Amino acid sequence: MSNISKLFVNSTKNFSRSFSRKTVDPSFLKITPETKITTLPNGIRVATEQTYGEVASVGVWVDSGSVYETEKNNGVAHFLEHMIFKGTAKRPNPQSIETEIENMGGSLNAFTSREHSAYYMKVLKDNVPNAVDILSDILQNSKFETSLIEQERDTILSENDYIQSKEDEVVFDQLHATAFQGSPLGRTILGPVENIKSITRDQIQEFINENYTGDRLVISAAGAVNHEQLVEQVKEKFANVKMSNVSKEQKRSTIVNDFVGSEILVRDDEQPLIHFAVAVKALPWTDPDYFVLELIQTMIGNWNRGIAAGKNIASNLGEIVATENLAESYSTFFTSYQDTGLFGNYGVCQPERVDDLVAEMIKEWQRIATCCNKNEVERNKQKLLANTLMQYDGTSKVCEGIGRQILTLGRRLSPFEVYTRINEITVADVQRVATTLLRDVSPAVTAIGPLANFPDYNFTRGFTYWNRL
């Protein structure tokens, strides 16, 4: 049994609604791989956690996403992610890159979010130098051939069509658009169709020159990797990456993302179900109450008709939704950004149940702010601990965690620190944060579907201060 598993065995034997918590010594969480961080002269930070085994994950994490775009080039960060695999002088086409990676038994992947981009590989330990060479080559020497840009344009347009067919994707894009209207976070990651059709090679090259600078790059690795050797490899392969003349703080200070209580409703009576989200302004990555809000997210929980627990679910809202047949599913989300965040509920339901579902969701926010009890707080702390500490298991998860935390926090959170911060949360902390963020606030609301019965915005707003308990 793993050490992390042992942490929860004793503390969950008496797991019930009358939660009984046993004292557990978490000192073994201090016996974890050291996170070594080296900053190179050009600003690149190299961070590793070495463990035993034969596999390593290594990636490049970039403080660059759609938030750094403008209305004119919105979508270029995502377009760049697609083009980065299309060939360099050393590896002239996509097939040569794919073949080299397959021949070493590795994998290469990437993603673009609103604030970050990442390119990461998983390889056998002897192939770590090859992985660094491939990552450095595609990030610095991609040719961005015009003919391949035109081909990829059709691929991205097809991806956009697919996303527009997914109700949850549309709802969350609309949620950002209304919550951060007129702000960079309000724009989509793929960008509007007209931009996808018009983005040029010069725009892609300009974006990478401006944003892929040493001070905004973190190269992280986890698993069978030697820190000193990786530092030397990165120092050699990324030597031509320059540090920006403008610091990250200066650049980000010009980007303002103001939250606006508002709504976007798209009525489509041909849809059988309503998909909607209700959200409030939440906390940025660095806020001291970050884990308190994560605990509130865990307490509100998630539910869908397919779960084995059925109506016997620990979440108070989940039990109500299941018992009263209010929804097909609901989830609770907490998305952090550098200067703000979003917290709320996403729901899917029959049109005739939507007003009750919205009311019960916001009623649960008020219940937690006013009268949550110690038993449910302690029970959900154990659940949050399990879910959070599982992110420290596996080279891919660890590699991602290192890169993301150093970009957002400037340091790596140890498992023991995570345990301590969650374990010290009290009922008073939960009620304080819930009262500040969830009571008497103007939410952002978005919905699509047959909305004839969807509650008026003032009705939704009113439930954030009307204690209908």
# chains A, B, ... in the order shown; residues from 1 in each chain; ligands from 1
$ residues_around --residues "Arg461 of chain A" --least-positions-apart "6" --cutoff "9 Å" --atoms "only C-alpha atoms" --output "list in words"
Asp440, Val441, Ser442 and Pro443 of chain A
$ write_last_selection --atoms "N, CA and C atoms" --output "compact mmCIF listing (two decimals), in the first residue's frame"
# COMPACT_ATOMS: atom_id res chain seq x y z
N ASP A 440 -24.80 37.83 -1.55
CA ASP A 440 -25.11 39.20 -1.99
C ASP A 440 -24.15 39.64 -3.09
N VAL A 441 -24.08 38.85 -4.16
CA VAL A 441 -23.21 39.16 -5.29
C VAL A 441 -24.01 39.08 -6.58
N SER A 442 -23.49 39.74 -7.59
CA SER A 442 -24.13 39.69 -8.91
C SER A 442 -23.42 38.63 -9.75
N PRO A 443 -24.07 37.51 -10.04
CA PRO A 443 -23.41 36.42 -10.76
C PRO A 443 -23.38 36.65 -12.26
$ select_by_dssp --residues "segment 204-334 of chain A" --states "alpha helix (DSSP H)" --output "VMD selection string"
chain A and resid 204 to 211 227 to 237 248 to 253 290 to 300 316 to 323
$ select_by_dssp --residues "segment 119-175 of chain A" --states "strand (DSSP E or B)" --output "VMD selection string"
chain A and resid 119 to 124 142
$ atom_distance --atom1 "atom CA of Lys166 of chain A" --atom2 "atom CA of Asn302 of chain A"
19.4 Å
$ closest_residue --among "A:Val76, A:Val58, A:Ile37, A:Ala177" --to "Thr395 of chain A" --atoms "only C-alpha atoms"
A:Val58
$ residues_around --residues "segment 334-340 of chain A" --least-positions-apart "5" --cutoff "12 Å" --atoms "only C-alpha atoms" --output "VMD selection string"
chain A and resid 63 to 65 67 113 to 116 172 175 to 176 179 to 180 183 to 185 248 to 249 252 to 260 278 to 287 289 to 298 300 to 301 345 to 346 404 to 405 407 to 410
$ residues_around --residues "Phe459 of chain A" --least-positions-apart "6" --cutoff "12 Å" --atoms "only C-alpha atoms" --output "list in words"
Asp355, Asp356, Val358, Ala359, Ile362, Ser442, Pro443, Val445, Tyr465 and Trp466 of chain A
$ residues_around --residues "segment 319-323 of chain A" --least-positions-apart "3" --cutoff "9 Å" --atoms "only C-alpha atoms" --output "PyMOL selection string"
chain A and resi 303-305+310-316+326-330+357+360
$ residues_around --residues "Asp215 of chain A" --least-positions-apart "4" --cutoff "7 Å" --atoms "only C-alpha atoms" --output "ChimeraX atom specification"
/A:42-44,243-244
$ residues_around --residues "Gln140 of chain A" --least-positions-apart "3" --cutoff "9 Å" --atoms "only C-alpha atoms" --output "list in words"
Thr88, Leu135, Ser136, Asp137, Ile208, Phe238, Asn240 and Val241 of chain A
$ write_last_selection --atoms "N, CA and C atoms" --output "PDB file, in the first residue's frame"
ATOM      1  N   THR A  88      10.742  21.354 -39.016  1.00  0.00           N
ATOM      2  CA  THR A  88      11.865  22.273 -38.835  1.00  0.00           C
ATOM      3  C   THR A  88      12.890  21.952 -39.905  1.00  0.00           C
ATOM      4  N   LEU A 135      12.040  19.087 -28.330  1.00  0.00           N
ATOM      5  CA  LEU A 135      11.287  20.234 -27.815  1.00  0.00           C
ATOM      6  C   LEU A 135      11.966  21.551 -28.169  1.00  0.00           C
ATOM      7  N   SER A 136      13.279  21.600 -28.030  1.00  0.00           N
ATOM      8  CA  SER A 136      13.997  22.843 -28.358  1.00  0.00           C
ATOM      9  C   SER A 136      13.929  23.141 -29.848  1.00  0.00           C
ATOM     10  N   ASP A 137      13.969  22.100 -30.660  1.00  0.00           N
ATOM     11  CA  ASP A 137      13.950  22.289 -32.115  1.00  0.00           C
ATOM     12  C   ASP A 137      12.602  22.823 -32.589  1.00  0.00           C
ATOM     13  N   ILE A 208       5.278  34.350 -31.229  1.00  0.00           N
ATOM     14  CA  ILE A 208       6.276  33.514 -30.558  1.00  0.00           C
ATOM     15  C   ILE A 208       7.494  34.336 -30.161  1.00  0.00           C
ATOM     16  N   PHE A 238      18.675  25.412 -25.543  1.00  0.00           N
ATOM     17  CA  PHE A 238      17.845  26.621 -25.516  1.00  0.00           C
ATOM     18  C   PHE A 238      18.692  27.885 -25.372  1.00  0.00           C
ATOM     19  N   ASN A 240      19.732  29.970 -27.497  1.00  0.00           N
ATOM     20  CA  ASN A 240      19.356  31.109 -28.344  1.00  0.00           C
ATOM     21  C   ASN A 240      18.075  31.805 -27.896  1.00  0.00           C
ATOM     22  N   VAL A 241      17.409  31.263 -26.881  1.00  0.00           N
ATOM     23  CA  VAL A 241      16.200  31.917 -26.362  1.00  0.00           C
ATOM     24  C   VAL A 241      16.616  33.154 -25.576  1.00  0.00           C
TER      25      VAL A 241
END
$ decode --residues "segment 94-137 of chain A" --atoms "C-alpha atoms" --output "mmCIF file, in the first residue's frame"
data_model
loop_
_atom_site.group_PDB
_atom_site.id
_atom_site.type_symbol
_atom_site.label_atom_id
_atom_site.label_comp_id
_atom_site.auth_asym_id
_atom_site.auth_seq_id
_atom_site.Cartn_x
_atom_site.Cartn_y
_atom_site.Cartn_z
ATOM 1 C CA PRO A 94 5.367 16.209 -39.383
ATOM 2 C CA GLN A 95 6.100 12.595 -40.331
ATOM 3 C CA SER A 96 9.774 12.906 -39.424
ATOM 4 C CA ILE A 97 8.886 14.250 -35.966
ATOM 5 C CA GLU A 98 6.281 11.544 -35.380
ATOM 6 C CA THR A 99 8.560 8.751 -36.602
ATOM 7 C CA GLU A 100 11.439 9.831 -34.363
ATOM 8 C CA ILE A 101 9.192 9.911 -31.311
ATOM 9 C CA GLU A 102 7.559 6.565 -32.112
ATOM 10 C CA ASN A 103 10.949 4.930 -32.672
ATOM 11 C CA MET A 104 11.999 5.818 -29.142
ATOM 12 C CA GLY A 105 8.669 4.605 -27.730
ATOM 13 C CA GLY A 106 7.739 8.081 -26.532
ATOM 14 C CA SER A 107 4.778 10.422 -26.768
ATOM 15 C CA LEU A 108 4.454 14.136 -27.481
ATOM 16 C CA ASN A 109 1.467 16.303 -26.664
ATOM 17 C CA ALA A 110 0.481 19.939 -26.203
ATOM 18 C CA PHE A 111 -2.309 22.240 -25.069
ATOM 19 C CA THR A 112 -3.196 25.917 -25.035
ATOM 20 C CA SER A 113 -5.298 27.551 -22.332
ATOM 21 C CA ARG A 114 -6.250 31.136 -21.643
ATOM 22 C CA GLU A 115 -3.038 31.801 -19.710
ATOM 23 C CA HIS A 116 -0.594 29.019 -20.583
ATOM 24 C CA SER A 117 0.732 26.802 -23.346
ATOM 25 C CA ALA A 118 2.550 23.517 -22.805
ATOM 26 C CA TYR A 119 4.519 21.003 -24.888
ATOM 27 C CA TYR A 120 5.457 17.803 -23.086
ATOM 28 C CA MET A 121 6.909 14.359 -23.735
ATOM 29 C CA LYS A 122 7.084 11.019 -21.956
ATOM 30 C CA VAL A 123 10.117 8.864 -22.761
ATOM 31 C CA LEU A 124 12.437 6.221 -21.384
ATOM 32 C CA LYS A 125 15.147 7.723 -19.187
ATOM 33 C CA ASP A 126 17.914 7.188 -21.776
ATOM 34 C CA ASN A 127 15.931 9.281 -24.270
ATOM 35 C CA VAL A 128 15.590 12.410 -22.129
ATOM 36 C CA PRO A 129 18.339 14.197 -24.138
ATOM 37 C CA ASN A 130 16.455 13.333 -27.352
ATOM 38 C CA ALA A 131 13.250 14.752 -25.868
ATOM 39 C CA VAL A 132 14.997 18.002 -24.947
ATOM 40 C CA ASP A 133 16.436 18.213 -28.464
ATOM 41 C CA ILE A 134 13.012 17.700 -30.084
ATOM 42 C CA LEU A 135 11.287 20.234 -27.815
ATOM 43 C CA SER A 136 13.997 22.843 -28.358
ATOM 44 C CA ASP A 137 13.950 22.289 -32.115
#
